[in-house]
file coords-v1.tsv (TSV, C-alpha atoms)
chain	number	residue	atom	x	y	z
A	16	MET	CA	-13.96	29.33	4.18
A	17	LYS	CA	-12.01	26.39	2.85
A	18	GLY	CA	-12.75	22.65	3.00
A	19	LEU	CA	-10.73	19.52	2.34
A	20	LEU	CA	-12.82	17.21	0.17
A	21	LEU	CA	-12.25	13.45	0.57
A	22	ILE	CA	-12.85	12.29	-2.99
A	23	SER	CA	-13.15	8.63	-3.93
A	24	GLY	CA	-13.94	8.48	-7.61
A	25	GLY	CA	-17.53	7.32	-7.02
A	26	ILE	CA	-20.80	9.23	-7.29
A	27	ASP	CA	-21.24	10.83	-3.86
A	28	SER	CA	-18.05	12.66	-2.93
A	29	PRO	CA	-17.79	14.76	-6.14
A	30	VAL	CA	-21.41	15.84	-5.66
A	31	ALA	CA	-20.62	16.78	-2.05
A	32	GLY	CA	-17.75	18.87	-3.41
A	33	TYR	CA	-20.00	20.52	-5.97
A	34	LEU	CA	-22.55	21.50	-3.31
A	35	MET	CA	-19.79	23.15	-1.28
A	36	LEU	CA	-18.49	25.01	-4.35
A	37	LYS	CA	-22.03	26.28	-4.93
A	38	LYS	CA	-21.84	27.89	-1.48
A	39	ASN	CA	-18.58	29.59	-2.45
A	40	ILE	CA	-16.49	27.30	-0.30
A	41	GLU	CA	-12.94	26.95	-1.59
A	42	LEU	CA	-11.83	23.31	-1.94
A	43	VAL	CA	-8.67	21.27	-1.66
A	44	ALA	CA	-9.11	17.57	-2.49
A	45	ILE	CA	-7.55	14.41	-1.11
A	46	HIS	CA	-7.76	10.89	-2.56
A	47	PHE	CA	-6.77	7.71	-0.74
A	48	ASP	CA	-5.24	5.18	-3.12
A	49	ASN	CA	-5.96	1.63	-1.95
A	50	GLN	CA	-3.65	-0.13	-4.40
A	51	PRO	CA	-2.73	-2.98	-4.49
A	52	PHE	CA	-6.08	-3.92	-2.89
A	53	THR	CA	-7.77	-2.33	-5.89
A	54	ASP	CA	-6.62	-1.14	-9.33
A	55	ASP	CA	-5.44	2.22	-10.65
A	56	LYS	CA	-8.82	3.22	-12.10
A	57	HIS	CA	-10.03	4.93	-8.92
A	58	VAL	CA	-7.05	7.31	-8.94
A	59	ILE	CA	-7.63	8.10	-12.61
A	60	LYS	CA	-11.33	8.75	-11.97
A	61	ALA	CA	-10.68	10.90	-8.90
A	62	LYS	CA	-8.27	13.10	-10.87
A	63	GLU	CA	-10.78	13.42	-13.72
A	64	LEU	CA	-13.56	14.37	-11.29
A	65	VAL	CA	-11.39	17.01	-9.61
A	66	LYS	CA	-10.65	18.45	-13.06
A	67	LYS	CA	-14.40	18.63	-13.72
A	68	LEU	CA	-15.10	20.31	-10.37
A	69	SER	CA	-12.31	22.74	-11.10
A	70	SER	CA	-13.80	23.59	-14.46
A	71	ILE	CA	-17.23	24.10	-12.84
A	72	SER	CA	-15.78	26.45	-10.23
A	73	GLY	CA	-13.43	28.23	-12.63
A	74	LYS	CA	-10.59	27.81	-10.13
A	75	LYS	CA	-7.81	25.25	-10.00
A	76	ILE	CA	-8.15	22.68	-7.22
A	77	LYS	CA	-5.14	21.23	-5.43
A	78	MET	CA	-5.40	17.47	-4.95
A	79	TYR	CA	-3.41	15.31	-2.57
A	80	LEU	CA	-2.81	11.63	-3.26
A	81	ILE	CA	-2.22	9.34	-0.28
A	82	ASN	CA	-0.85	5.80	-0.50
A	83	HIS	CA	-3.37	4.07	1.78
A	84	GLY	CA	-2.56	0.47	0.76
A	85	LEU	CA	0.15	0.06	3.39
A	86	ASN	CA	-2.26	1.20	6.11
A	87	GLN	CA	-4.82	-1.32	4.89
A	88	LYS	CA	-2.20	-4.04	5.15
A	89	GLU	CA	-1.58	-3.12	8.80
A	90	PHE	CA	-5.30	-3.30	9.63
A	91	ILE	CA	-5.72	-6.64	7.84
A	92	THR	CA	-2.66	-8.14	9.52
A	93	ASN	CA	-3.13	-6.88	13.07
A	94	CYS	CA	-6.76	-5.99	13.77
A	95	ASN	CA	-10.15	-7.65	14.03
A	96	ARG	CA	-11.27	-7.99	10.40
A	97	ARG	CA	-14.85	-6.94	11.10
A	98	TYR	CA	-13.74	-3.40	11.98
A	99	GLY	CA	-11.52	-2.97	8.90
A	100	CYS	CA	-13.67	-0.34	7.19
A	101	VAL	CA	-14.19	1.81	10.29
A	102	LEU	CA	-10.48	1.64	11.15
A	103	CYS	CA	-9.68	2.56	7.56
A	104	ARG	CA	-11.98	5.60	7.70
A	105	ARG	CA	-10.61	6.76	11.04
A	106	MET	CA	-7.13	6.62	9.53
A	107	MET	CA	-8.27	8.55	6.44
A	108	PHE	CA	-9.76	11.25	8.67
A	109	ARG	CA	-6.59	11.51	10.74
A	110	ILE	CA	-4.43	11.92	7.64
A	111	ALA	CA	-6.93	14.35	6.12
A	112	GLU	CA	-6.91	16.40	9.33
A	113	LYS	CA	-3.13	16.83	9.08
A	114	ILE	CA	-3.38	17.90	5.44
A	115	ALA	CA	-6.28	20.22	6.28
A	116	LEU	CA	-4.17	21.97	8.91
A	117	LYS	CA	-1.31	22.31	6.44
A	118	GLU	CA	-3.66	23.82	3.85
A	119	ASN	CA	-5.51	26.05	6.32
A	120	CYS	CA	-8.79	24.26	5.70
A	121	ASP	CA	-11.57	24.88	8.20
A	122	PHE	CA	-13.24	21.47	7.88
A	123	LEU	CA	-13.35	18.15	6.05
A	124	VAL	CA	-16.05	17.46	3.45
A	125	THR	CA	-17.21	13.91	2.68
A	126	GLY	CA	-19.86	12.28	0.51
A	127	GLU	CA	-20.97	10.00	3.33
A	128	ASN	CA	-24.61	9.02	3.32
A	129	LEU	CA	-26.39	7.61	6.34
A	130	SER	CA	-26.49	3.79	6.28
A	131	GLN	CA	-25.51	3.52	2.61
A	132	VAL	CA	-22.75	1.05	3.50
A	133	ALA	CA	-21.68	-0.70	6.70
A	134	SER	CA	-19.10	1.94	7.62
A	135	GLN	CA	-21.69	4.71	7.35
A	136	THR	CA	-24.24	3.60	9.91
A	137	LEU	CA	-24.97	6.21	12.59
A	138	ASP	CA	-22.87	4.26	15.10
A	139	ASN	CA	-19.90	4.03	12.77
A	140	LEU	CA	-20.13	7.68	11.68
A	141	VAL	CA	-19.96	8.72	15.33
A	142	THR	CA	-16.99	6.48	16.10
A	143	THR	CA	-15.22	7.67	12.93
A	144	ASP	CA	-15.72	11.31	13.94
A	145	SER	CA	-14.12	10.68	17.30
A	146	ALA	CA	-10.72	10.04	15.66
A	147	VAL	CA	-10.28	13.73	14.83
A	148	GLU	CA	-10.97	17.18	16.23
A	149	ILE	CA	-11.61	18.99	12.97
A	150	SER	CA	-15.26	19.51	11.91
A	151	ILE	CA	-16.67	17.19	9.27
A	152	LEU	CA	-19.34	18.39	6.85
A	153	ARG	CA	-21.51	15.80	5.11
A	154	PRO	CA	-23.74	17.59	2.63
A	155	LEU	CA	-25.31	14.33	1.38
A	156	LEU	CA	-25.93	12.71	4.75
A	157	CYS	CA	-29.68	12.27	4.38
A	158	ASN	CA	-30.02	12.39	0.60
A	159	ASP	CA	-31.72	9.59	-1.29
A	160	LYS	CA	-29.24	8.09	-3.72
A	161	GLU	CA	-31.51	9.11	-6.60
A	162	GLU	CA	-31.24	12.78	-5.60
A	163	THR	CA	-27.46	12.53	-5.60
A	164	ILE	CA	-27.41	10.75	-8.97
A	165	LYS	CA	-29.69	13.45	-10.41
A	166	ILE	CA	-27.26	16.21	-9.38
A	167	SER	CA	-24.30	14.17	-10.62
A	168	LYS	CA	-25.93	13.82	-14.04
A	169	GLU	CA	-26.94	17.49	-14.20
A	170	ILE	CA	-23.39	18.69	-13.64
A	171	GLY	CA	-21.76	16.14	-15.96
A	172	LEU	CA	-19.92	14.02	-13.37
A	173	PHE	CA	-22.01	10.85	-13.52
A	174	GLU	CA	-20.46	9.17	-16.57
A	175	THR	CA	-16.98	9.44	-15.03
A	176	SER	CA	-18.17	8.35	-11.58
A	177	ILE	CA	-19.68	5.11	-12.85
A	178	LEU	CA	-16.68	3.98	-14.87
A	179	PRO	CA	-15.77	0.56	-13.48
A	180	GLY	CA	-12.89	0.00	-11.06
A	181	ILE	CA	-11.94	-3.10	-9.07
A	182	CYS	CA	-13.68	-3.03	-5.66
A	183	CYS	CA	-11.48	-2.69	-2.57
A	184	ASN	CA	-10.33	-6.21	-1.67
A	185	ALA	CA	-9.46	-5.10	1.86
A	186	VAL	CA	-13.18	-4.91	2.69
A	187	PRO	CA	-14.09	-7.73	5.12
A	188	GLN	CA	-16.69	-10.32	4.15
A	189	ASN	CA	-18.78	-9.36	7.20
A	190	PRO	CA	-18.07	-5.72	8.09
A	191	ALA	CA	-19.28	-4.44	11.46
A	192	THR	CA	-22.30	-2.13	11.30
A	193	THR	CA	-21.80	-0.99	14.87
A	194	SER	CA	-18.74	-0.09	16.91
A	195	THR	CA	-17.65	1.79	20.01
A	196	VAL	CA	-14.77	4.18	20.46
A	197	GLU	CA	-13.31	1.98	23.21
A	198	LEU	CA	-13.36	-1.09	21.02
A	199	LEU	CA	-11.74	0.70	18.07
A	200	GLU	CA	-9.08	2.27	20.29
A	201	GLU	CA	-8.28	-1.21	21.58
A	202	GLU	CA	-7.81	-2.41	18.00
A	203	GLU	CA	-5.69	0.64	17.16
A	204	SER	CA	-3.50	0.06	20.20
A	205	LYS	CA	-2.07	-2.91	18.28
A	206	LEU	CA	-0.60	-0.44	15.77
A	207	ASN	CA	1.59	2.64	15.83
A	208	ILE	CA	-1.14	4.97	14.58
A	209	SER	CA	0.80	8.23	14.89
A	210	GLU	CA	3.70	6.79	12.92
A	211	MET	CA	1.33	5.49	10.22
A	212	VAL	CA	-0.27	8.95	9.91
A	213	ALA	CA	3.11	10.70	9.81
A	214	ASN	CA	4.43	8.32	7.13
A	215	ALA	CA	1.35	8.76	4.97
A	216	VAL	CA	1.50	12.56	5.22
A	217	LYS	CA	5.23	12.57	4.49
A	218	ALA	CA	4.75	10.41	1.37
A	219	ALA	CA	1.76	12.40	0.09
A	220	SER	CA	2.02	13.81	-3.40
A	221	PHE	CA	-0.10	16.61	-4.85
A	222	ALA	CA	-0.95	18.37	-8.08
A	223	GLU	CA	-3.28	21.14	-9.23
A	224	TYR	CA	-6.04	20.47	-11.70
B	23	MET	CA	-18.62	-13.56	-21.99
B	24	LYS	CA	-21.51	-15.62	-20.65
B	25	LYS	CA	-22.49	-14.89	-17.06
B	26	GLU	CA	-19.94	-17.44	-15.89
B	27	ILE	CA	-17.71	-20.22	-17.21
B	28	ILE	CA	-17.62	-23.32	-15.02
B	29	PHE	CA	-14.61	-25.63	-14.83
B	30	PRO	CA	-15.89	-28.70	-12.92
B	31	GLN	CA	-12.61	-30.65	-13.17
B	32	GLU	CA	-10.58	-27.77	-11.77
B	33	GLY	CA	-13.21	-26.89	-9.15
B	34	PHE	CA	-13.69	-23.22	-10.04
B	35	LYS	CA	-15.68	-20.83	-12.19
B	36	ILE	CA	-14.79	-17.58	-13.94
B	37	THR	CA	-17.22	-14.74	-13.46
B	38	TYR	CA	-17.20	-10.92	-13.48
B	39	CYS	CA	-16.10	-9.30	-10.23
B	40	LYS	CA	-18.72	-7.32	-8.28
B	41	SER	CA	-18.10	-4.01	-10.06
B	42	LYS	CA	-17.66	-5.78	-13.45
B	43	ALA	CA	-14.31	-4.01	-13.78
B	44	GLY	CA	-12.43	-7.29	-13.96
B	45	PHE	CA	-12.71	-11.04	-13.78
B	46	SER	CA	-12.90	-13.15	-10.69
B	47	VAL	CA	-12.30	-16.86	-10.18
B	48	LYS	CA	-14.43	-18.45	-7.47
B	49	PRO	CA	-14.38	-21.98	-6.05
B	50	LEU	CA	-17.32	-24.29	-6.76
B	51	LYS	CA	-17.35	-25.46	-3.16
B	52	LYS	CA	-16.06	-24.07	0.13
B	53	ILE	CA	-12.26	-24.29	0.17
B	54	ARG	CA	-9.30	-22.80	1.99
B	55	PHE	CA	-5.98	-22.04	0.29
B	56	ASN	CA	-2.72	-22.72	2.06
B	57	LEU	CA	-1.24	-19.29	1.36
B	58	GLU	CA	2.22	-20.40	2.51
B	59	ARG	CA	2.34	-22.91	-0.34
B	60	ILE	CA	1.31	-20.24	-2.86
B	61	LYS	CA	3.94	-17.88	-1.47
B	62	ASN	CA	6.59	-20.51	-2.17
B	63	LYS	CA	5.46	-20.83	-5.76
B	64	LEU	CA	4.86	-17.21	-6.84
B	65	LYS	CA	6.50	-13.79	-6.46
B	66	ILE	CA	4.38	-11.89	-3.95
B	67	MET	CA	4.27	-8.08	-3.68
B	68	MET	CA	1.95	-7.91	-0.66
B	69	ASP	CA	1.60	-10.61	1.92
B	70	THR	CA	-1.18	-10.64	4.53
B	71	PRO	CA	-2.69	-13.48	6.59
B	72	ILE	CA	-5.88	-13.53	4.50
B	73	LEU	CA	-4.82	-12.51	1.01
B	74	LEU	CA	-1.80	-12.24	-1.25
B	75	VAL	CA	-1.10	-9.85	-4.10
B	76	VAL	CA	1.02	-11.43	-6.83
B	77	ASP	CA	3.73	-9.25	-8.35
B	78	ARG	CA	3.25	-8.50	-12.05
B	79	GLU	CA	6.84	-9.62	-12.62
B	80	ASP	CA	6.15	-13.16	-11.48
B	81	PRO	CA	7.35	-15.35	-14.39
B	82	LEU	CA	4.37	-17.74	-14.22
B	83	VAL	CA	1.51	-15.28	-13.74
B	84	ARG	CA	2.93	-12.06	-15.29
B	85	GLU	CA	0.26	-9.79	-13.87
B	86	GLU	CA	-0.96	-8.29	-10.61
B	87	ILE	CA	-3.70	-10.45	-9.14
B	88	ILE	CA	-5.26	-10.82	-5.70
B	89	ILE	CA	-5.59	-14.26	-4.11
B	90	HIS	CA	-7.99	-14.58	-1.18
B	91	SER	CA	-7.55	-17.45	1.27
B	92	TYR	CA	-11.19	-18.49	0.68
B	93	GLY	CA	-10.38	-19.31	-2.93
B	94	GLU	CA	-11.33	-16.19	-4.86
B	95	ILE	CA	-8.78	-14.81	-7.32
B	96	VAL	CA	-9.30	-11.28	-8.67
B	97	PHE	CA	-7.78	-10.38	-12.03
B	98	LYS	CA	-7.33	-6.64	-12.39
B	99	LYS	CA	-6.49	-6.37	-16.09
B	100	GLN	CA	-6.61	-9.78	-17.79
B	101	GLU	CA	-9.57	-10.23	-20.14
B	102	ASP	CA	-8.57	-13.49	-21.83
B	103	THR	CA	-10.57	-16.17	-20.02
B	104	ASP	CA	-8.30	-18.97	-21.34
B	105	LYS	CA	-5.30	-17.28	-19.69
B	106	ILE	CA	-7.33	-16.69	-16.52
B	107	ALA	CA	-8.24	-20.38	-16.33
B	108	LYS	CA	-4.61	-21.40	-16.88
B	109	ILE	CA	-3.34	-19.09	-14.11
B	110	ALA	CA	-6.17	-20.11	-11.76
B	111	LYS	CA	-5.24	-23.77	-12.24
B	112	ILE	CA	-1.60	-23.04	-11.28
B	113	ILE	CA	-2.82	-21.31	-8.10
B	114	TYR	CA	-5.41	-23.94	-7.19
B	115	ASP	CA	-2.82	-26.70	-7.70
B	116	ALA	CA	-0.34	-24.86	-5.52
B	117	GLY	CA	-2.75	-23.69	-2.83
B	118	LEU	CA	-4.96	-26.70	-2.18
B	119	GLU	CA	-3.79	-29.48	0.09
B	120	LYS	CA	-3.73	-32.70	-1.91
call {"tool": "encode", "arguments": {"input": "coords-v1.tsv", "output": "structure tokens"}}
result
Amino acid sequence: MKGLLLISGGIDSPVAGYLMLKKNIELVAIHFDNQPFTDDKHVIKAKELVKKLSSISGKKIKMYLINHGLNQKEFITNCNRRYGCVLCRRMMFRIAEKIALKENCDFLVTGENLSQVASQTLDNLVTTDSAVEISILRPLLCNDKEETIKISKEIGLFETSILPGICCNAVPQNPATTSTVELLEEEESKLNISEMVANAVKAASFAEY
Amino acid sequence: MKKEIIFPQEGFKITYCKSKAGFSVKPLKKIRFNLERIKNKLKIMMDTPILLVVDREDPLVREEIIIHSYGEIVFKKQEDTDKIAKIAKIIYDAGLEK
């Protein structure tokens, strides 16, 4: 089996990837670069973390890099600000689904953790899922953060994960903790979603680490 | 740096951004920038209704910074607080209705 790991450069997603590797799941990685709403440090960290996962598994890992900043601009300019993070995640999943199909991956893997942030409440996880058909595995869903940090430290990822990077400035001041599919589809109807996905996939770059 | 440096005359303070990866300038009271006026003054690389990203080739600012309409300015790389204050003053002068 093969999974496409959405890796951010933080603590959770690399640990999610490690847990999948432990189960002999082959991984491809994908990172969404939010520049210019953030800085370049997240891309650098994500690459470093993929290198570390690759060295743990003993196999090279292919990593895709997606320019997500232009999509963020579209959400900020055209949609209700409160739903920015959920719309952003639905877009990431759609793009990841296309890459997963291209790479023959069976599912997506994320480091999402129930209610850790506004976009990961149960409501918002459900509405995010509805954007794609591919299965989404969330190995850390009900972990306590401390459990995840413990694993991260044990496998030598923690110090890289906590290196500072500028927070995403596209995040709204009051993000919605609840949403419905109908409401999000109404927001997305203000945009050409399929064209945005196609453009992002077309512009994707990749490398093996 | 101390926790924050306050500039009462200019109406802002310099502090670390949330992740402590960079510096942030915040207004001392609730304000609203006129982003159109800032756009006329600086070279902008990304323009949205609620924030602007200044191009690093702008001759006045010379670095990529994020300007929020509610008065926060995020400096991605600059660590010199004197330079940050100087740039923030240019933006506050340009963006606030006099």
call {"tool": "interface_residues", "arguments": {"input": "coords-v1.tsv", "of": "chain A", "to": "chain B", "cutoff": "8 Å", "atoms": "only C-alpha atoms", "output": "PyMOL selection string"}}
result
chain A and resi 51-54+88+91-92+179-182+184
call {"tool": "closest_residue", "arguments": {"input": "coords-v1.tsv", "among": "B:Val83, B:Ile109, B:Ile27, B:Ile66", "to": "Leu50 in chain B", "atoms": "all atoms listed in the file"}}
result
B:Ile27
call {"tool": "atom_distance", "arguments": {"input": "coords-v1.tsv", "atom1": "CA of Ile22 in chain A", "atom2": "CA of Gln50 in chain A"}}
result
15.5 Å
call {"tool": "closest_residue", "arguments": {"input": "coords-v1.tsv", "among": "B:Glu119, B:Glu101, B:Lys48, B:Asn56", "to": "Pro30 in chain B", "atoms": "only C-alpha atoms"}}
result
B:Lys48
call {"tool": "atom_distance", "arguments": {"input": "coords-v1.tsv", "atom1": "CA of Leu20 in chain A", "atom2": "CA of Ala111 in chain A"}}
result
8.8 Å
call {"tool": "atom_distance", "arguments": {"input": "coords-v1.tsv", "atom1": "CA of Gly32 in chain A", "atom2": "CA of Thr195 in chain A"}}
result
29.0 Å
call {"tool": "decode", "arguments": {"input": "coords-v1.tsv", "residues": "range 80-108 of chain B", "atoms": "N, CA, C and O atoms", "output": "PDB file, in the first residue's frame"}}
result
ATOM      1  N   ASP B  80      11.162  46.917  -3.438  1.00  0.00           N
ATOM      2  CA  ASP B  80      10.678  48.280  -3.205  1.00  0.00           C
ATOM      3  C   ASP B  80      11.847  49.144  -2.702  1.00  0.00           C
ATOM      4  O   ASP B  80      12.523  48.767  -1.734  1.00  0.00           O
ATOM      5  N   PRO B  81      12.093  50.298  -3.332  1.00  0.00           N
ATOM      6  CA  PRO B  81      13.271  51.093  -2.964  1.00  0.00           C
ATOM      7  C   PRO B  81      13.237  51.669  -1.548  1.00  0.00           C
ATOM      8  O   PRO B  81      14.281  51.907  -0.954  1.00  0.00           O
ATOM      9  N   LEU B  82      12.054  51.858  -0.972  1.00  0.00           N
ATOM     10  CA  LEU B  82      11.977  52.406   0.381  1.00  0.00           C
ATOM     11  C   LEU B  82      12.134  51.313   1.453  1.00  0.00           C
ATOM     12  O   LEU B  82      12.835  51.482   2.437  1.00  0.00           O
ATOM     13  N   VAL B  83      11.466  50.201   1.225  1.00  0.00           N
ATOM     14  CA  VAL B  83      11.400  49.155   2.253  1.00  0.00           C
ATOM     15  C   VAL B  83      12.512  48.109   2.083  1.00  0.00           C
ATOM     16  O   VAL B  83      13.116  47.652   3.054  1.00  0.00           O
ATOM     17  N   ARG B  84      12.760  47.693   0.857  1.00  0.00           N
ATOM     18  CA  ARG B  84      13.839  46.756   0.504  1.00  0.00           C
ATOM     19  C   ARG B  84      13.728  45.385   1.161  1.00  0.00           C
ATOM     20  O   ARG B  84      14.720  44.719   1.403  1.00  0.00           O
ATOM     21  N   GLU B  85      12.548  44.972   1.507  1.00  0.00           N
ATOM     22  CA  GLU B  85      12.366  43.610   1.993  1.00  0.00           C
ATOM     23  C   GLU B  85      10.896  43.215   1.927  1.00  0.00           C
ATOM     24  O   GLU B  85      10.021  44.079   1.812  1.00  0.00           O
ATOM     25  N   GLU B  86      10.668  41.880   1.978  1.00  0.00           N
ATOM     26  CA  GLU B  86       9.296  41.394   1.862  1.00  0.00           C
ATOM     27  C   GLU B  86       8.617  41.470   3.221  1.00  0.00           C
ATOM     28  O   GLU B  86       9.030  40.795   4.162  1.00  0.00           O
ATOM     29  N   ILE B  87       7.600  42.284   3.319  1.00  0.00           N
ATOM     30  CA  ILE B  87       6.857  42.397   4.580  1.00  0.00           C
ATOM     31  C   ILE B  87       5.360  42.299   4.300  1.00  0.00           C
ATOM     32  O   ILE B  87       4.915  42.531   3.179  1.00  0.00           O
ATOM     33  N   ILE B  88       4.615  41.953   5.347  1.00  0.00           N
ATOM     34  CA  ILE B  88       3.163  41.812   5.202  1.00  0.00           C
ATOM     35  C   ILE B  88       2.482  42.928   5.993  1.00  0.00           C
ATOM     36  O   ILE B  88       2.783  43.126   7.168  1.00  0.00           O
ATOM     37  N   ILE B  89       1.583  43.640   5.328  1.00  0.00           N
ATOM     38  CA  ILE B  89       0.870  44.746   5.990  1.00  0.00           C
ATOM     39  C   ILE B  89      -0.612  44.386   6.088  1.00  0.00           C
ATOM     40  O   ILE B  89      -1.299  44.250   5.070  1.00  0.00           O
ATOM     41  N   HIS B  90      -1.095  44.223   7.308  1.00  0.00           N
ATOM     42  CA  HIS B  90      -2.521  43.933   7.522  1.00  0.00           C
ATOM     43  C   HIS B  90      -3.298  45.245   7.638  1.00  0.00           C
ATOM     44  O   HIS B  90      -2.790  46.215   8.213  1.00  0.00           O
ATOM     45  N   SER B  91      -4.532  45.216   7.178  1.00  0.00           N
ATOM     46  CA  SER B  91      -5.340  46.450   7.214  1.00  0.00           C
ATOM     47  C   SER B  91      -5.610  46.914   8.647  1.00  0.00           C
ATOM     48  O   SER B  91      -5.861  48.084   8.888  1.00  0.00           O
ATOM     49  N   TYR B  92      -5.531  45.994   9.628  1.00  0.00           N
ATOM     50  CA  TYR B  92      -5.784  46.388  11.021  1.00  0.00           C
ATOM     51  C   TYR B  92      -4.521  46.923  11.713  1.00  0.00           C
ATOM     52  O   TYR B  92      -4.494  47.105  12.928  1.00  0.00           O
ATOM     53  N   GLY B  93      -3.481  47.173  10.920  1.00  0.00           N
ATOM     54  CA  GLY B  93      -2.326  47.888  11.450  1.00  0.00           C
ATOM     55  C   GLY B  93      -1.115  47.053  11.819  1.00  0.00           C
ATOM     56  O   GLY B  93      -0.083  47.598  12.197  1.00  0.00           O
ATOM     57  N   GLU B  94      -1.230  45.731  11.709  1.00  0.00           N
ATOM     58  CA  GLU B  94      -0.055  44.903  12.018  1.00  0.00           C
ATOM     59  C   GLU B  94       0.855  44.806  10.790  1.00  0.00           C
ATOM     60  O   GLU B  94       0.382  44.677   9.658  1.00  0.00           O
ATOM     61  N   ILE B  95       2.159  44.881  11.028  1.00  0.00           N
ATOM     62  CA  ILE B  95       3.132  44.708   9.946  1.00  0.00           C
ATOM     63  C   ILE B  95       4.074  43.572  10.360  1.00  0.00           C
ATOM     64  O   ILE B  95       4.673  43.623  11.445  1.00  0.00           O
ATOM     65  N   VAL B  96       4.182  42.547   9.527  1.00  0.00           N
ATOM     66  CA  VAL B  96       5.020  41.394   9.859  1.00  0.00           C
ATOM     67  C   VAL B  96       6.304  41.452   9.042  1.00  0.00           C
ATOM     68  O   VAL B  96       6.267  41.527   7.808  1.00  0.00           O
ATOM     69  N   PHE B  97       7.427  41.445   9.759  1.00  0.00           N
ATOM     70  CA  PHE B  97       8.746  41.461   9.107  1.00  0.00           C
ATOM     71  C   PHE B  97       9.274  40.029   9.091  1.00  0.00           C
ATOM     72  O   PHE B  97       9.448  39.419  10.140  1.00  0.00           O
ATOM     73  N   LYS B  98       9.536  39.513   7.902  1.00  0.00           N
ATOM     74  CA  LYS B  98       9.943  38.113   7.794  1.00  0.00           C
ATOM     75  C   LYS B  98      11.416  37.900   8.159  1.00  0.00           C
ATOM     76  O   LYS B  98      11.770  36.891   8.753  1.00  0.00           O
ATOM     77  N   LYS B  99      12.266  38.833   7.756  1.00  0.00           N
ATOM     78  CA  LYS B  99      13.714  38.604   7.937  1.00  0.00           C
ATOM     79  C   LYS B  99      14.419  39.681   8.768  1.00  0.00           C
ATOM     80  O   LYS B  99      15.450  39.411   9.360  1.00  0.00           O
ATOM     81  N   GLN B 100      13.908  40.875   8.779  1.00  0.00           N
ATOM     82  CA  GLN B 100      14.618  42.001   9.399  1.00  0.00           C
ATOM     83  C   GLN B 100      14.722  41.832  10.922  1.00  0.00           C
ATOM     84  O   GLN B 100      13.732  41.583  11.593  1.00  0.00           O
ATOM     85  N   GLU B 101      15.945  41.965  11.447  1.00  0.00           N
ATOM     86  CA  GLU B 101      16.134  41.827  12.893  1.00  0.00           C
ATOM     87  C   GLU B 101      16.554  43.130  13.558  1.00  0.00           C
ATOM     88  O   GLU B 101      16.613  43.212  14.787  1.00  0.00           O
ATOM     89  N   ASP B 102      16.852  44.142  12.755  1.00  0.00           N
ATOM     90  CA  ASP B 102      17.296  45.427  13.278  1.00  0.00           C
ATOM     91  C   ASP B 102      16.056  46.263  13.639  1.00  0.00           C
ATOM     92  O   ASP B 102      15.339  46.737  12.754  1.00  0.00           O
ATOM     93  N   THR B 103      15.819  46.430  14.931  1.00  0.00           N
ATOM     94  CA  THR B 103      14.587  47.106  15.355  1.00  0.00           C
ATOM     95  C   THR B 103      14.567  48.600  14.975  1.00  0.00           C
ATOM     96  O   THR B 103      13.496  49.175  14.816  1.00  0.00           O
ATOM     97  N   ASP B 104      15.741  49.208  14.804  1.00  0.00           N
ATOM     98  CA  ASP B 104      15.770  50.612  14.348  1.00  0.00           C
ATOM     99  C   ASP B 104      15.226  50.693  12.919  1.00  0.00           C
ATOM    100  O   ASP B 104      14.436  51.580  12.589  1.00  0.00           O
ATOM    101  N   LYS B 105      15.685  49.740  12.079  1.00  0.00           N
ATOM    102  CA  LYS B 105      15.196  49.721  10.684  1.00  0.00           C
ATOM    103  C   LYS B 105      13.701  49.419  10.654  1.00  0.00           C
ATOM    104  O   LYS B 105      12.947  49.991   9.870  1.00  0.00           O
ATOM    105  N   ILE B 106      13.275  48.494  11.512  1.00  0.00           N
ATOM    106  CA  ILE B 106      11.849  48.130  11.557  1.00  0.00           C
ATOM    107  C   ILE B 106      11.007  49.354  11.914  1.00  0.00           C
ATOM    108  O   ILE B 106       9.986  49.640  11.264  1.00  0.00           O
ATOM    109  N   ALA B 107      11.465  50.116  12.911  1.00  0.00           N
ATOM    110  CA  ALA B 107      10.714  51.309  13.332  1.00  0.00           C
ATOM    111  C   ALA B 107      10.642  52.336  12.201  1.00  0.00           C
ATOM    112  O   ALA B 107       9.601  52.967  11.986  1.00  0.00           O
ATOM    113  N   LYS B 108      11.766  52.468  11.470  1.00  0.00           N
ATOM    114  CA  LYS B 108      11.825  53.452  10.379  1.00  0.00           C
ATOM    115  C   LYS B 108      10.825  53.072   9.261  1.00  0.00           C
ATOM    116  O   LYS B 108      10.066  53.916   8.771  1.00  0.00           O
TER     117      LYS B 108
END
